[in-house]
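File shown here: work-v8.pdb, holding PDB, C-alpha atoms.
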```pdb
MODEL        1
ATOM      1  CA  MET Y  12     -52.728-160.128 126.534  1.00  0.00           C
ATOM      2  CA  ALA Y  13     -49.300-159.138 127.815  1.00  0.00           C
ATOM      3  CA  ARG Y  14     -48.814-162.627 129.293  1.00  0.00           C
ATOM      4  CA  TRP Y  15     -49.805-164.230 125.958  1.00  0.00           C
ATOM      5  CA  ALA Y  16     -47.351-161.987 124.061  1.00  0.00           C
ATOM      6  CA  PHE Y  17     -44.566-162.881 126.475  1.00  0.00           C
ATOM      7  CA  CYS Y  18     -45.196-166.629 126.007  1.00  0.00           C
ATOM      8  CA  VAL Y  19     -45.137-166.245 122.222  1.00  0.00           C
ATOM      9  CA  ALA Y  20     -41.857-164.319 122.406  1.00  0.00           C
ATOM     10  CA  VAL Y  21     -40.271-167.037 124.556  1.00  0.00           C
ATOM     11  CA  PHE Y  22     -41.468-169.735 122.152  1.00  0.00           C
ATOM     12  CA  LEU Y  23     -40.083-167.897 119.140  1.00  0.00           C
ATOM     13  CA  CYS Y  24     -36.752-167.399 120.906  1.00  0.00           C
ATOM     14  CA  PHE Y  25     -36.347-171.133 121.436  1.00  0.00           C
ATOM     15  CA  ALA Y  26     -37.674-172.018 117.998  1.00  0.00           C
ATOM     16  CA  CYS Y  27     -35.155-169.727 116.309  1.00  0.00           C
ATOM     17  CA  SER Y  28     -32.179-170.700 118.470  1.00  0.00           C
ATOM     18  CA  ALA Y  29     -29.270-172.354 116.690  1.00  0.00           C
ATOM     19  CA  PRO Y  30     -29.369-176.165 116.661  1.00  0.00           C
ATOM     20  CA  SER Y  31     -26.809-177.998 118.738  1.00  0.00           C
ATOM     21  CA  PRO Y  32     -23.600-178.563 116.733  1.00  0.00           C
ATOM     22  CA  LEU Y  33     -23.303-182.034 118.277  1.00  0.00           C
ATOM     23  CA  PRO Y  34     -26.924-183.175 118.696  1.00  0.00           C
ATOM     24  CA  ASP Y  35     -25.935-186.759 119.479  1.00  0.00           C
ATOM     25  CA  MET Y  36     -24.197-185.601 122.674  1.00  0.00           C
ATOM     26  CA  GLN Y  37     -25.315-184.198 126.019  1.00  0.00           C
ATOM     27  CA  ALA Y  38     -24.781-180.440 126.278  1.00  0.00           C
ATOM     28  CA  GLY Y  39     -22.675-179.560 129.303  1.00  0.00           C
ATOM     29  CA  GLU Y  40     -21.022-176.637 131.043  1.00  0.00           C
ATOM     30  CA  THR Y  41     -19.938-173.352 129.510  1.00  0.00           C
ATOM     31  CA  GLY Y  42     -17.000-171.160 130.454  1.00  0.00           C
ATOM     32  CA  ARG Y  43     -14.113-169.068 129.216  1.00  0.00           C
ATOM     33  CA  VAL Y  44     -10.769-170.723 128.453  1.00  0.00           C
ATOM     34  CA  THR Y  45      -8.121-169.297 130.777  1.00  0.00           C
ATOM     35  CA  ARG Y  46      -5.334-171.824 130.292  1.00  0.00           C
ATOM     36  CA  VAL Y  47      -4.142-174.368 127.751  1.00  0.00           C
ATOM     37  CA  ILE Y  48      -2.180-177.201 129.354  1.00  0.00           C
ATOM     38  CA  ASP Y  49      -1.291-178.922 126.102  1.00  0.00           C
ATOM     39  CA  GLY Y  50      -2.964-179.696 122.797  1.00  0.00           C
ATOM     40  CA  ASP Y  51      -5.791-181.720 124.312  1.00  0.00           C
ATOM     41  CA  ALA Y  52      -6.366-180.156 127.744  1.00  0.00           C
ATOM     42  CA  ILE Y  53      -7.735-176.779 128.836  1.00  0.00           C
ATOM     43  CA  VAL Y  54      -8.912-175.031 132.012  1.00  0.00           C
ATOM     44  CA  LEU Y  55     -12.035-172.843 132.197  1.00  0.00           C
ATOM     45  CA  ASP Y  56     -12.634-169.746 134.312  1.00  0.00           C
ATOM     46  CA  THR Y  57     -14.963-171.864 136.456  1.00  0.00           C
ATOM     47  CA  GLY Y  58     -11.933-173.897 137.539  1.00  0.00           C
ATOM     48  CA  LEU Y  59     -13.031-176.939 135.535  1.00  0.00           C
ATOM     49  CA  SER Y  60     -10.238-178.892 133.827  1.00  0.00           C
ATOM     50  CA  VAL Y  61     -11.280-180.351 130.486  1.00  0.00           C
ATOM     51  CA  ARG Y  62      -9.754-183.217 128.536  1.00  0.00           C
ATOM     52  CA  LEU Y  63     -10.713-183.088 124.848  1.00  0.00           C
ATOM     53  CA  VAL Y  64     -11.859-186.641 124.182  1.00  0.00           C
ATOM     54  CA  SER Y  65     -11.007-188.847 121.202  1.00  0.00           C
ATOM     55  CA  ILE Y  66      -7.809-186.939 120.444  1.00  0.00           C
ATOM     56  CA  LEU Y  67      -4.265-187.333 121.716  1.00  0.00           C
ATOM     57  CA  ALA Y  68      -1.882-184.411 121.439  1.00  0.00           C
ATOM     58  CA  PRO Y  69       1.860-184.571 122.163  1.00  0.00           C
ATOM     59  CA  ALA Y  70       2.342-184.125 125.907  1.00  0.00           C
ATOM     60  CA  MET Y  71       3.992-180.986 127.247  1.00  0.00           C
ATOM     61  CA  TYR Y  72       4.499-182.554 130.665  1.00  0.00           C
ATOM     62  CA  PRO Y  73       5.019-186.313 130.335  1.00  0.00           C
ATOM     63  CA  ARG Y  74       6.192-188.348 133.284  1.00  0.00           C
ATOM     64  CA  ASP Y  75       9.806-188.322 132.131  1.00  0.00           C
ATOM     65  CA  GLY Y  76       9.743-184.516 132.147  1.00  0.00           C
ATOM     66  CA  ALA Y  77      10.765-183.893 128.524  1.00  0.00           C
ATOM     67  CA  PRO Y  78       8.064-182.539 126.173  1.00  0.00           C
ATOM     68  CA  GLU Y  79       7.188-184.889 123.331  1.00  0.00           C
ATOM     69  CA  PRO Y  80       8.014-183.838 119.748  1.00  0.00           C
ATOM     70  CA  TYR Y  81       5.655-181.134 118.462  1.00  0.00           C
ATOM     71  CA  ALA Y  82       4.132-180.614 121.935  1.00  0.00           C
ATOM     72  CA  GLY Y  83       4.813-176.870 121.977  1.00  0.00           C
ATOM     73  CA  GLU Y  84       3.415-176.359 118.482  1.00  0.00           C
ATOM     74  CA  SER Y  85       0.286-178.363 119.328  1.00  0.00           C
ATOM     75  CA  ALA Y  86      -0.351-176.354 122.500  1.00  0.00           C
ATOM     76  CA  ARG Y  87       0.079-173.089 120.585  1.00  0.00           C
ATOM     77  CA  VAL Y  88      -2.503-174.187 118.006  1.00  0.00           C
ATOM     78  CA  LEU Y  89      -5.055-174.775 120.757  1.00  0.00           C
ATOM     79  CA  GLU Y  90      -4.115-171.486 122.443  1.00  0.00           C
ATOM     80  CA  ASP Y  91      -4.660-169.592 119.187  1.00  0.00           C
ATOM     81  CA  LEU Y  92      -8.074-171.234 118.776  1.00  0.00           C
ATOM     82  CA  THR Y  93      -9.356-170.942 122.344  1.00  0.00           C
ATOM     83  CA  LEU Y  94      -7.546-168.685 124.811  1.00  0.00           C
ATOM     84  CA  GLY Y  95      -9.995-166.127 126.187  1.00  0.00           C
ATOM     85  CA  ARG Y  96     -12.937-167.524 124.228  1.00  0.00           C
ATOM     86  CA  ARG Y  97     -16.180-168.881 125.618  1.00  0.00           C
ATOM     87  CA  VAL Y  98     -16.835-172.533 124.961  1.00  0.00           C
ATOM     88  CA  GLN Y  99     -19.450-175.173 125.650  1.00  0.00           C
ATOM     89  CA  LEU Y 100     -18.803-178.790 126.535  1.00  0.00           C
ATOM     90  CA  PHE Y 101     -20.604-181.722 124.911  1.00  0.00           C
ATOM     91  CA  TYR Y 102     -20.469-185.164 126.487  1.00  0.00           C
ATOM     92  CA  PRO Y 103     -20.494-188.302 124.299  1.00  0.00           C
ATOM     93  CA  GLY Y 104     -20.652-190.688 127.281  1.00  0.00           C
ATOM     94  CA  LEU Y 105     -18.521-190.853 130.408  1.00  0.00           C
ATOM     95  CA  THR Y 106     -18.226-187.301 131.774  1.00  0.00           C
ATOM     96  CA  ARG Y 107     -15.279-187.449 134.207  1.00  0.00           C
ATOM     97  CA  ASP Y 108     -11.965-189.292 134.451  1.00  0.00           C
ATOM     98  CA  ARG Y 109     -10.187-190.438 137.611  1.00  0.00           C
ATOM     99  CA  TYR Y 110      -8.574-186.994 137.926  1.00  0.00           C
ATOM    100  CA  ASP Y 111     -12.052-185.358 137.885  1.00  0.00           C
ATOM    101  CA  ARG Y 112     -11.373-183.762 134.492  1.00  0.00           C
ATOM    102  CA  ALA Y 113     -14.368-183.275 132.196  1.00  0.00           C
ATOM    103  CA  LEU Y 114     -14.220-185.652 129.192  1.00  0.00           C
ATOM    104  CA  ALA Y 115     -15.806-183.661 126.421  1.00  0.00           C
ATOM    105  CA  HIS Y 116     -15.994-182.351 122.923  1.00  0.00           C
ATOM    106  CA  VAL Y 117     -15.625-178.579 123.047  1.00  0.00           C
ATOM    107  CA  VAL Y 118     -17.265-175.962 120.816  1.00  0.00           C
ATOM    108  CA  THR Y 119     -16.622-172.207 120.803  1.00  0.00           C
ATOM    109  CA  ILE Y 120     -19.812-170.194 121.393  1.00  0.00           C
ATOM    110  CA  ASP Y 121     -18.790-166.521 121.280  1.00  0.00           C
ATOM    111  CA  GLY Y 122     -18.351-164.058 118.456  1.00  0.00           C
ATOM    112  CA  ALA Y 123     -14.611-163.591 118.919  1.00  0.00           C
ATOM    113  CA  GLY Y 124     -13.861-165.792 115.939  1.00  0.00           C
ATOM    114  CA  PRO Y 125     -15.305-168.571 113.796  1.00  0.00           C
ATOM    115  CA  LYS Y 126     -17.371-171.221 115.530  1.00  0.00           C
ATOM    116  CA  LEU Y 127     -15.145-174.241 116.011  1.00  0.00           C
ATOM    117  CA  TRP Y 128     -15.529-177.830 117.129  1.00  0.00           C
ATOM    118  CA  LEU Y 129     -12.115-177.911 118.751  1.00  0.00           C
ATOM    119  CA  ASN Y 130     -11.543-181.669 118.814  1.00  0.00           C
ATOM    120  CA  GLN Y 131     -12.108-181.694 115.070  1.00  0.00           C
ATOM    121  CA  ALA Y 132     -10.025-178.575 114.474  1.00  0.00           C
ATOM    122  CA  MET Y 133      -7.002-180.087 116.210  1.00  0.00           C
ATOM    123  CA  ILE Y 134      -7.182-183.182 114.011  1.00  0.00           C
ATOM    124  CA  VAL Y 135      -7.639-181.184 110.787  1.00  0.00           C
ATOM    125  CA  ARG Y 136      -4.587-179.053 111.610  1.00  0.00           C
ATOM    126  CA  GLY Y 137      -2.445-182.093 112.360  1.00  0.00           C
ATOM    127  CA  ALA Y 138      -2.027-180.960 115.965  1.00  0.00           C
ATOM    128  CA  ALA Y 139      -3.299-184.226 117.463  1.00  0.00           C
ATOM    129  CA  ARG Y 140      -4.019-187.869 116.629  1.00  0.00           C
ATOM    130  CA  VAL Y 141      -7.213-189.868 117.127  1.00  0.00           C
ATOM    131  CA  ARG Y 142      -7.409-192.126 120.172  1.00  0.00           C
ATOM    132  CA  LEU Y 143     -10.769-193.683 121.042  1.00  0.00           C
ATOM    133  CA  TYR Y 144     -12.278-195.373 124.071  1.00  0.00           C
ATOM    134  CA  PRO Y 145     -15.621-197.221 123.983  1.00  0.00           C
ATOM    135  CA  SER Y 146     -17.151-194.942 126.626  1.00  0.00           C
ATOM    136  CA  THR Y 147     -16.550-191.715 124.626  1.00  0.00           C
ATOM    137  CA  ALA Y 148     -16.156-192.804 120.981  1.00  0.00           C
ATOM    138  CA  ALA Y 149     -19.066-190.923 119.365  1.00  0.00           C
ATOM    139  CA  ARG Y 150     -17.990-189.131 116.148  1.00  0.00           C
ATOM    140  CA  GLY Y 151     -14.795-191.180 116.169  1.00  0.00           C
ATOM    141  CA  GLN Y 152     -15.183-192.295 112.573  1.00  0.00           C
ATOM    142  CA  ASP Y 153     -15.539-188.666 111.459  1.00  0.00           C
ATOM    143  CA  LEU Y 154     -12.302-187.804 113.241  1.00  0.00           C
ATOM    144  CA  LEU Y 155     -10.484-190.817 111.782  1.00  0.00           C
ATOM    145  CA  ALA Y 156     -11.401-189.742 108.242  1.00  0.00           C
ATOM    146  CA  LEU Y 157     -10.124-186.232 108.915  1.00  0.00           C
ATOM    147  CA  GLU Y 158      -6.924-187.580 110.439  1.00  0.00           C
ATOM    148  CA  ALA Y 159      -6.305-189.716 107.347  1.00  0.00           C
ATOM    149  CA  ALA Y 160      -6.577-186.583 105.188  1.00  0.00           C
ATOM    150  CA  ALA Y 161      -4.183-184.655 107.453  1.00  0.00           C
ATOM    151  CA  ARG Y 162      -1.752-187.552 107.400  1.00  0.00           C
ATOM    152  CA  GLU Y 163      -1.912-187.690 103.599  1.00  0.00           C
ATOM    153  CA  THR Y 164      -1.030-184.005 103.272  1.00  0.00           C
ATOM    154  CA  ARG Y 165       1.473-184.145 106.159  1.00  0.00           C
ATOM    155  CA  GLU Y 166      -0.182-181.473 108.248  1.00  0.00           C
ATOM    156  CA  GLY Y 167       1.421-180.512 111.544  1.00  0.00           C
ATOM    157  CA  LEU Y 168       2.842-183.408 113.535  1.00  0.00           C
ATOM    158  CA  TRP Y 169       2.562-185.738 110.546  1.00  0.00           C
ATOM    159  CA  ARG Y 170       5.741-184.100 109.224  1.00  0.00           C
ATOM    160  CA  GLU Y 171       7.567-185.397 112.320  1.00  0.00           C
ATOM    161  CA  ARG Y 172       9.406-188.694 112.048  1.00  0.00           C
ATOM    162  CA  ALA Y 173       8.282-189.567 115.585  1.00  0.00           C
ATOM    163  CA  TYR Y 174       4.653-189.838 114.433  1.00  0.00           C
ATOM    164  CA  ALA Y 175       5.109-191.627 111.108  1.00  0.00           C
ATOM    165  CA  VAL Y 176       3.201-194.864 110.569  1.00  0.00           C
ATOM    166  CA  GLN Y 177       5.645-197.635 111.405  1.00  0.00           C
ATOM    167  CA  ASP Y 178       5.998-201.094 109.915  1.00  0.00           C
ATOM    168  CA  ALA Y 179       5.449-203.688 112.642  1.00  0.00           C
ATOM    169  CA  ALA Y 180       8.174-205.850 111.093  1.00  0.00           C
ATOM    170  CA  THR Y 181      10.814-203.175 111.784  1.00  0.00           C
ATOM    171  CA  LEU Y 182       9.395-201.697 114.996  1.00  0.00           C
ATOM    172  CA  ALA Y 183      12.135-201.270 117.593  1.00  0.00           C
ATOM    173  CA  PRO Y 184      11.743-203.734 120.495  1.00  0.00           C
ATOM    174  CA  GLU Y 185      12.075-200.919 123.047  1.00  0.00           C
ATOM    175  CA  THR Y 186       9.161-198.915 121.542  1.00  0.00           C
ATOM    176  CA  ASP Y 187       6.877-197.499 124.224  1.00  0.00           C
ATOM    177  CA  GLY Y 188       3.906-195.190 123.683  1.00  0.00           C
ATOM    178  CA  PHE Y 189       0.995-194.571 121.340  1.00  0.00           C
ATOM    179  CA  VAL Y 190       1.817-195.524 117.748  1.00  0.00           C
ATOM    180  CA  LEU Y 191       0.281-196.318 114.379  1.00  0.00           C
ATOM    181  CA  VAL Y 192       1.652-199.495 112.816  1.00  0.00           C
ATOM    182  CA  SER Y 193       1.016-201.273 109.537  1.00  0.00           C
ATOM    183  CA  ALA Y 194       1.095-205.043 109.737  1.00  0.00           C
ATOM    184  CA  THR Y 195      -0.123-208.357 108.387  1.00  0.00           C
ATOM    185  CA  LEU Y 196      -2.244-210.319 110.846  1.00  0.00           C
ATOM    186  CA  GLY Y 197      -1.005-213.718 111.920  1.00  0.00           C
ATOM    187  CA  PRO Y 198      -2.930-216.395 113.818  1.00  0.00           C
ATOM    188  CA  ALA Y 199      -4.330-215.922 117.294  1.00  0.00           C
ATOM    189  CA  ARG Y 200      -2.082-216.815 120.206  1.00  0.00           C
ATOM    190  CA  PRO Y 201      -3.654-218.936 122.957  1.00  0.00           C
ATOM    191  CA  LEU Y 202      -4.613-217.182 126.156  1.00  0.00           C
ATOM    192  CA  ALA Y 203      -2.780-218.286 129.267  1.00  0.00           C
ATOM    193  CA  PRO Y 204      -4.895-220.502 131.538  1.00  0.00           C
ATOM    194  CA  ASN Y 205      -6.340-218.766 134.602  1.00  0.00           C
ATOM    195  CA  GLN Y 206      -5.156-215.368 133.349  1.00  0.00           C
ATOM    196  CA  PRO Y 207      -6.823-212.605 135.390  1.00  0.00           C
ATOM    197  CA  PHE Y 208      -8.823-210.091 133.310  1.00  0.00           C
ATOM    198  CA  PRO Y 209      -7.941-211.767 130.000  1.00  0.00           C
ATOM    199  CA  PRO Y 210      -8.324-209.889 126.700  1.00  0.00           C
ATOM    200  CA  ALA Y 211     -10.736-211.086 124.042  1.00  0.00           C
ATOM    201  CA  CYS Y 212      -7.747-212.607 122.231  1.00  0.00           C
ATOM    202  CA  PHE Y 213      -4.129-212.112 121.310  1.00  0.00           C
ATOM    203  CA  ARG Y 214      -3.243-211.700 117.624  1.00  0.00           C
ATOM    204  CA  THR Y 215       0.233-212.243 116.269  1.00  0.00           C
ATOM    205  CA  LEU Y 216       1.682-210.159 113.440  1.00  0.00           C
ATOM    206  CA  ALA Y 217       3.627-211.600 110.518  1.00  0.00           C
ATOM    207  CA  GLU Y 218       7.395-211.029 110.675  1.00  0.00           C
ATOM    208  CA  SER Y 219       7.057-209.226 114.006  1.00  0.00           C
ATOM    209  CA  ASP Y 220       7.412-210.087 117.668  1.00  0.00           C
ATOM    210  CA  LEU Y 221       4.729-207.507 118.528  1.00  0.00           C
ATOM    211  CA  ILE Y 222       1.555-209.047 119.973  1.00  0.00           C
ATOM    212  CA  VAL Y 223      -1.868-207.393 119.676  1.00  0.00           C
ATOM    213  CA  SER Y 224      -3.775-207.549 122.963  1.00  0.00           C
ATOM    214  CA  VAL Y 225      -7.388-207.182 121.846  1.00  0.00           C
ATOM    215  CA  ARG Y 226      -9.738-205.699 124.462  1.00  0.00           C
ATOM    216  CA  ARG Y 227     -13.253-207.132 124.630  1.00  0.00           C
ATOM    217  CA  ALA Y 228     -14.716-203.957 123.116  1.00  0.00           C
ATOM    218  CA  ALA Y 229     -12.611-204.658 119.996  1.00  0.00           C
ATOM    219  CA  ALA Y 230     -13.341-208.403 119.875  1.00  0.00           C
ATOM    220  CA  SER Y 231     -14.356-208.252 116.201  1.00  0.00           C
ATOM    221  CA  THR Y 232     -10.634-208.060 115.405  1.00  0.00           C
ATOM    222  CA  CYS Y 233     -10.238-211.612 116.707  1.00  0.00           C
ATOM    223  CA  GLY Y 234     -12.206-212.907 113.712  1.00  0.00           C
ATOM    224  CA  LEU Y 235     -10.188-211.175 110.958  1.00  0.00           C
ATOM    225  CA  ASP Y 236      -8.501-213.550 108.536  1.00  0.00           C
ATOM    226  CA  VAL Y 237      -4.836-214.430 108.810  1.00  0.00           C
ATOM    227  CA  GLY Y 238      -2.966-212.468 106.129  1.00  0.00           C
ATOM    228  CA  THR Y 239      -5.177-209.357 106.361  1.00  0.00           C
ATOM    229  CA  ARG Y 240      -3.187-206.148 105.972  1.00  0.00           C
ATOM    230  CA  VAL Y 241      -4.144-203.644 108.639  1.00  0.00           C
ATOM    231  CA  LEU Y 242      -3.266-200.298 110.155  1.00  0.00           C
ATOM    232  CA  ILE Y 243      -3.447-200.568 113.954  1.00  0.00           C
ATOM    233  CA  ARG Y 244      -3.262-197.749 116.489  1.00  0.00           C
ATOM    234  CA  GLY Y 245      -2.671-198.304 120.178  1.00  0.00           C
ATOM    235  CA  TRP Y 246      -0.350-198.033 123.138  1.00  0.00           C
ATOM    236  CA  VAL Y 247       2.762-200.203 122.854  1.00  0.00           C
ATOM    237  CA  SER Y 248       4.443-201.484 126.012  1.00  0.00           C
ATOM    238  CA  GLU Y 249       6.625-204.519 126.696  1.00  0.00           C
ATOM    239  CA  GLY Y 250       6.088-206.014 123.253  1.00  0.00           C
ATOM    240  CA  GLU Y 251       2.281-205.673 123.178  1.00  0.00           C
ATOM    241  CA  ILE Y 252       0.018-203.149 121.473  1.00  0.00           C
ATOM    242  CA  ASP Y 253      -3.190-202.508 123.397  1.00  0.00           C
ATOM    243  CA  LEU Y 254      -6.208-202.475 121.066  1.00  0.00           C
ATOM    244  CA  THR Y 255      -9.051-200.641 122.830  1.00  0.00           C
ATOM    245  CA  HIS Y 256     -11.589-200.012 120.061  1.00  0.00           C
ATOM    246  CA  PRO Y 257     -12.580-201.748 116.792  1.00  0.00           C
ATOM    247  CA  TRP Y 258     -12.204-198.453 114.892  1.00  0.00           C
ATOM    248  CA  HIS Y 259      -8.505-198.549 115.847  1.00  0.00           C
ATOM    249  CA  VAL Y 260      -8.065-201.187 113.138  1.00  0.00           C
ATOM    250  CA  GLU Y 261      -8.209-200.106 109.500  1.00  0.00           C
ATOM    251  CA  ILE Y 262      -8.218-202.899 106.933  1.00  0.00           C
ATOM    252  CA  LEU Y 263      -5.781-202.033 104.150  1.00  0.00           C
ATOM    253  CA  SER Y 264      -6.262-205.151 102.040  1.00  0.00           C
ATOM    254  CA  GLU Y 265      -7.457-208.700 102.382  1.00  0.00           C
ATOM    255  CA  ASN Y 266      -6.082-211.845 100.852  1.00  0.00           C
TER     256      ASN Y 266
ENDMDL
END
```

Here is the file; what I need is its structure written in the form of structure tokens.
Amino acid sequence: MARWAFCVAVFLCFACSAPSPLPDMQAGETGRVTRVIDGDAIVLDTGLSVRLVSILAPAMYPRDGAPEPYAGESARVLEDLTLGRRVQLFYPGLTRDRYDRALAHVVTIDGAGPKLWLNQAMIVRGAARVRLYPSTAARGQDLLALEAAARETREGLWRERAYAVQDAATLAPETDGFVLVSATLGPARPLAPNQPFPPACFRTLAESDLIVSVRRAAASTCGLDVGTRVLIRGWVSEGEIDLTHPWHVEILSEN
């Protein structure tokens, strides 16, 4: 009888437990946040370094040594939300990067404050931008919609000139880094023969020297009509913008 009662109690405990806040992802490690590196990276008391996936916050410690605009404010937002709190990781796909950091969505799980999906919270507060990779892009469309709302109301970093959406036609040739650009698509540019690891295609942009290098995961962009107005997000370097995911292209209008 006692054994039966114990089994019932265990069953009821699991049946009444709170559902996973991110049921489409694999639940991972838990721990207490002991350090915030910048607005998209934390360290747990277990020693695990965590990169919050699908968001990109201004870097506190970029390679050139100077913090990016709004980096301090972004880090303080994440500190206010997490420092000392217990969290759980949720994995949408790939779990580790080449630096052995966990690649995760992070949710607070203690009673020290409101329950928060931190990747989402940083976007809503304008403390980070959306940046997606095919291996970890789950919930990316949700985050993009929230970013658009934050951009519309100029939350956080969206008040900074450095993060304004730029017109591809007037983009400075020396631009380097992750940007959002509005543009009109031009025709595809032929791929060079025998090019190692070629992209799916190159797309030109009207009235701009910037070339869109379309990764194979974003190959649907290759078929968009010439003259389509788009908002593109990606890393710009040496006159090319690297398009890693189809959700990084928002169609503004079509002719």

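When only C-alpha atoms are used to measure the gap to Leu94 in chain Y, the shortest distance among Y:Ala77, Y:Val44, Y:Leu216, Y:Val118 belongs to Y:Val44.
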
With the file shown as input, list the residues that the PyMOL selection byres ((chain Y and resi 162-179) around 8) selects, as number ranges by chain. Y: 80-81, 135-139, 158-161, 180-182, 190-194, 216, 218-219, 221

Using CA of Pro209 in chain Y and CA of Arg109 in chain Y as the two end points, give the distance in Å to one decimal. 22.8 Å

Counting only C-alpha atoms, which of Y:Pro201, Y:Pro257, Y:Pro103, Y:Pro69 gets nearest to Ser231 in chain Y? Y:Pro257

Resolved residues for the PyMOL selection byres ((chain Y and resi 54) around 10) as a ChimeraX atom specification: /Y:42-48,52-53,55-62,94,112-113

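Take CA of Arg74 in chain Y and CA of Gly188 in chain Y: the distance between them is 12.0 Å.
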
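Shortest atom-to-atom contact with Leu127 in chain Y among Y:Asp111, Y:Asp91, Y:Asp75, Y:Asp153: Y:Asp91, counting only C-alpha atoms.
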
One decimal place gives the CA of Leu254 in chain Y-CA of Thr195 in chain Y separation as 15.2 Å

List, as a list in words, every residue that the PyMOL selection byres ((chain Y and resi 68) around 9) selects in the file provided. Asp49, Gly50, Asp51, Ala52, Ile66, Leu67, Pro69, Ala70, Met71, Tyr81, Ala82, Ser85, Ala86, Met133, Ala138, Ala139, Arg140 and Val141 of chain Y

Can you tell me, as a list of chain:residue names, what residues are no more than 9 Å from Ala148 in chain Y when counting all atoms listed in the file, ignoring any on the same chain fewer than 2 positions away?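 Once the adjacent positions are removed, what remains is Y:Val64, Y:Ser65, Y:Pro103, Y:Gly104, Y:Arg142, Y:Leu143, Y:Tyr144, Y:Pro145, Y:Ser146, Y:Arg150, Y:Gly151, Y:Gln152, Y:His256.
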
Could you pull out every residue with an atom within 10 Å of (-12.7, -211.5, 118.2), file coordinates, counting all atoms listed in the file, and send them as a CSV table (one decimal) with C-alpha atoms, in the frame of the given file?
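Final output, out.csv:
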```
chain,number,residue,atom,x,y,z
Y,199,ALA,CA,-4.3,-215.9,117.3
Y,210,PRO,CA,-8.3,-209.9,126.7
Y,211,ALA,CA,-10.7,-211.1,124.0
Y,212,CYS,CA,-7.7,-212.6,122.2
Y,213,PHE,CA,-4.1,-212.1,121.3
Y,214,ARG,CA,-3.2,-211.7,117.6
Y,225,VAL,CA,-7.4,-207.2,121.8
Y,226,ARG,CA,-9.7,-205.7,124.5
Y,227,ARG,CA,-13.3,-207.1,124.6
Y,228,ALA,CA,-14.7,-204.0,123.1
Y,229,ALA,CA,-12.6,-204.7,120.0
Y,230,ALA,CA,-13.3,-208.4,119.9
Y,231,SER,CA,-14.4,-208.3,116.2
Y,232,THR,CA,-10.6,-208.1,115.4
Y,233,CYS,CA,-10.2,-211.6,116.7
Y,234,GLY,CA,-12.2,-212.9,113.7
Y,235,LEU,CA,-10.2,-211.2,111.0
Y,257,PRO,CA,-12.6,-201.7,116.8
```

Which of these, Y:Thr93, Y:Gln37, Y:Thr239, Y:Ser224, has the shortest distance to Leu196 in chain Y once you count all atoms listed in the file?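 Comparing Y:Thr93, Y:Gln37, Y:Thr239, Y:Ser224 against Leu196 in chain Y, the winner is Y:Thr239.
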
Any chance you could work out the axis-aligned box around range 146-158 of chain Y, listed atoms only, 6 Å on each side, giving centre and edge lengths in Å to one decimal, as AutoDock Vina command-line options?
```
--center_x -13.0 --center_y -190.6 --center_z 117.4 --size_x 24.1 --size_y 20.7 --size_z 30.4
```

Which residue out of Y:Thr215, Y:Thr147, Y:Gln206, Y:Gln131 has the minimum interatomic distance to Met36 in chain Y when all atoms listed in the file are used?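 Of the candidates, the smallest distance to Met36 in chain Y is held by Y:Thr147.
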